[in-house]
>>> print(open('my_file_26.cif').read())   # mmCIF, C-alpha atoms
data_structure
#
loop_
_atom_site.group_PDB
_atom_site.id
_atom_site.type_symbol
_atom_site.label_atom_id
_atom_site.label_comp_id
_atom_site.auth_asym_id
_atom_site.auth_seq_id
_atom_site.Cartn_x
_atom_site.Cartn_y
_atom_site.Cartn_z
ATOM 1 C CA MET A 1 45.984 234.489 -77.142
ATOM 2 C CA THR A 2 43.567 235.510 -74.400
ATOM 3 C CA LEU A 3 43.203 233.781 -71.050
ATOM 4 C CA ASN A 4 39.843 232.345 -72.110
ATOM 5 C CA ASP A 5 41.458 230.840 -75.211
ATOM 6 C CA ILE A 6 44.227 229.335 -73.093
ATOM 7 C CA LEU A 7 41.764 227.852 -70.586
ATOM 8 C CA THR A 8 39.672 226.408 -73.415
ATOM 9 C CA ALA A 9 42.751 224.860 -75.047
ATOM 10 C CA MET A 10 43.776 223.230 -71.755
ATOM 11 C CA ARG A 11 40.419 221.506 -71.297
ATOM 12 C CA VAL A 12 41.012 218.209 -73.085
ATOM 13 C CA PRO A 13 38.538 215.504 -72.063
ATOM 14 C CA ASN A 14 39.808 212.186 -70.733
ATOM 15 C CA SER A 15 43.443 213.281 -70.563
ATOM 16 C CA SER A 16 45.806 211.465 -68.244
ATOM 17 C CA GLU A 17 47.232 213.147 -65.166
ATOM 18 C CA ALA A 18 50.621 213.580 -66.869
ATOM 19 C CA ARG A 19 49.001 215.091 -69.977
ATOM 20 C CA ALA A 20 46.914 217.433 -67.815
ATOM 21 C CA ARG A 21 50.088 218.659 -66.110
ATOM 22 C CA GLN A 22 51.762 219.243 -69.483
ATOM 23 C CA LEU A 23 48.735 221.167 -70.736
ATOM 24 C CA ALA A 24 48.696 223.316 -67.602
ATOM 25 C CA HIS A 25 52.391 224.091 -67.843
ATOM 26 C CA MET A 26 52.094 224.957 -71.544
ATOM 27 C CA GLY A 27 49.078 227.128 -70.717
ATOM 28 C CA TYR A 28 51.001 228.928 -67.984
ATOM 29 C CA VAL A 29 53.895 229.673 -70.331
ATOM 30 C CA GLU A 30 51.446 230.837 -73.023
ATOM 31 C CA TRP A 31 49.647 233.088 -70.519
ATOM 32 C CA LEU A 32 52.939 234.467 -69.243
ATOM 33 C CA GLY A 33 54.106 235.209 -72.779
ATOM 34 C CA ALA A 34 50.857 237.032 -73.557
ATOM 35 C CA LEU A 35 51.300 239.507 -70.692
ATOM 36 C CA PRO A 36 52.300 243.020 -71.782
ATOM 37 C CA GLY A 37 55.892 244.006 -71.002
ATOM 38 C CA GLY A 38 54.966 246.477 -68.268
ATOM 39 C CA ALA A 39 52.279 244.313 -66.645
ATOM 40 C CA ASN A 40 52.088 243.997 -62.880
ATOM 41 C CA TYR A 41 52.588 240.243 -62.470
ATOM 42 C CA PRO A 42 50.860 239.787 -59.085
ATOM 43 C CA GLU A 43 47.755 241.651 -60.280
ATOM 44 C CA ALA A 44 47.659 239.708 -63.552
ATOM 45 C CA ALA A 45 48.117 236.401 -61.720
ATOM 46 C CA VAL A 46 45.291 237.190 -59.284
ATOM 47 C CA ARG A 47 42.991 238.090 -62.207
ATOM 48 C CA ALA A 48 43.926 234.872 -64.041
ATOM 49 C CA LEU A 49 43.368 232.842 -60.886
ATOM 50 C CA ALA A 50 39.949 234.428 -60.373
ATOM 51 C CA ALA A 51 38.994 233.589 -63.963
ATOM 52 C CA ALA A 52 40.270 230.002 -63.812
ATOM 53 C CA ALA A 53 39.104 229.086 -60.295
ATOM 54 C CA PRO A 54 35.471 228.278 -61.244
ATOM 55 C CA LEU A 55 36.746 225.666 -63.731
ATOM 56 C CA ARG A 56 39.210 224.148 -61.280
ATOM 57 C CA GLU A 57 36.933 221.374 -60.010
ATOM 58 C CA ASP A 58 35.958 220.209 -63.501
ATOM 59 C CA ASP A 59 39.346 219.855 -65.138
ATOM 60 C CA PRO A 60 42.709 218.639 -63.775
ATOM 61 C CA ALA A 61 44.705 220.807 -66.217
ATOM 62 C CA VAL A 62 42.947 223.960 -65.010
ATOM 63 C CA ALA A 63 43.493 222.882 -61.394
ATOM 64 C CA GLU A 64 47.236 222.511 -62.090
ATOM 65 C CA PHE A 65 47.252 225.909 -63.832
ATOM 66 C CA CYS A 66 45.692 227.446 -60.714
ATOM 67 C CA ARG A 67 48.288 225.712 -58.527
ATOM 68 C CA LEU A 68 51.089 227.166 -60.647
ATOM 69 C CA LEU A 69 49.617 230.655 -60.290
ATOM 70 C CA GLU A 70 49.232 230.207 -56.518
ATOM 71 C CA ASP A 71 52.797 228.937 -56.181
ATOM 72 C CA SER A 72 54.122 231.877 -58.164
ATOM 73 C CA LEU A 73 52.274 234.302 -55.898
ATOM 74 C CA ASN A 74 53.166 232.592 -52.619
ATOM 75 C CA ARG A 75 56.832 231.936 -53.345
ATOM 76 C CA PRO A 76 57.907 234.433 -56.018
ATOM 77 C CA LEU A 77 61.638 233.973 -55.425
ATOM 78 C CA VAL A 78 61.589 230.220 -55.969
ATOM 79 C CA PRO A 79 61.870 229.018 -59.572
ATOM 80 C CA LEU A 80 58.876 227.073 -60.825
ATOM 81 C CA THR A 81 59.507 223.637 -62.275
ATOM 82 C CA LEU A 82 57.780 223.612 -65.640
ATOM 83 C CA ILE A 83 57.347 220.420 -67.633
ATOM 84 C CA PRO A 84 57.770 220.856 -71.389
ATOM 85 C CA PRO A 85 55.815 218.468 -73.583
ATOM 86 C CA ARG A 86 57.662 215.487 -75.005
ATOM 87 C CA PRO A 87 57.946 215.686 -78.758
ATOM 88 C CA GLY A 88 55.856 213.181 -80.603
ATOM 89 C CA ARG A 89 52.639 212.549 -82.404
ATOM 90 C CA ARG A 90 49.423 212.537 -80.420
ATOM 91 C CA GLY A 91 47.074 211.006 -82.966
ATOM 92 C CA GLY A 92 46.285 213.847 -85.365
ATOM 93 C CA ALA A 93 42.814 213.908 -86.874
ATOM 94 C CA ARG A 94 42.161 210.256 -85.995
ATOM 95 C CA GLY A 95 42.979 210.978 -82.350
ATOM 96 C CA ARG A 96 40.695 214.021 -82.267
ATOM 97 C CA ARG A 97 37.839 212.025 -83.809
ATOM 98 C CA ALA A 98 38.358 209.258 -81.257
ATOM 99 C CA MET A 99 37.844 211.753 -78.401
ATOM 100 C CA LEU A 100 34.361 212.644 -79.695
#
>>> encode(input="my_file_26.cif", output="structure tokens")
Amino acid sequence: MTLNDILTAMRVPNSSEARARQLAHMGYVEWLGALPGGANYPEAAVRALAAAAPLREDDPAVAEFCRLLEDSLNRPLVPLTLIPPRPGRRGGARGRRAML
């Protein structure tokens, strides 16, 4: 999955603050997993931050994603606290139709 795909997937309209944080944390893990094994993390994080920064003001999930990247660059020796999503149904097709 490319960074653009991850950013697009994180942009869910009318999501709560908690859901936006979950989406950002899932996006960060997805982005991290998509990096090649020999990638230079600081360079990749700066590139991802540059790509995501223009969307930061429009979407809380993207803003949280940017914050995670900034935290990882500013304090690389401190573990990040990532929030996994709670298992459960989120509405399926009916929920997606309701968002339109």
>>> closest_residue(input="my_file_26.cif", among="A:Leu3, A:Arg97, A:Arg86, A:Arg75", to="A:Gly33", atoms="all atoms listed in the file")
A:Leu3
>>> closest_residue(input="my_file_26.cif", among="A:Leu73, A:Leu7, A:Ala93, A:Leu55", to="A:Asn40", atoms="all atoms listed in the file")
A:Leu73
>>> closest_residue(input="my_file_26.cif", among="A:Pro79, A:Pro84, A:Gly38, A:Gly95", to="A:Val12", atoms="only C-alpha atoms")
A:Gly95
>>> atom_distance(input="my_file_26.cif", atom1="atom CA of A:Val62", atom2="atom CA of A:Tyr41")
19.1 Å
>>> resolve_selection(input="my_file_26.cif", expression="the PyMOL selection byres ((chain A and resi 17) around 12)", output="MDAnalysis selection string")
chainID A and resid 12:16 18:24 59:64
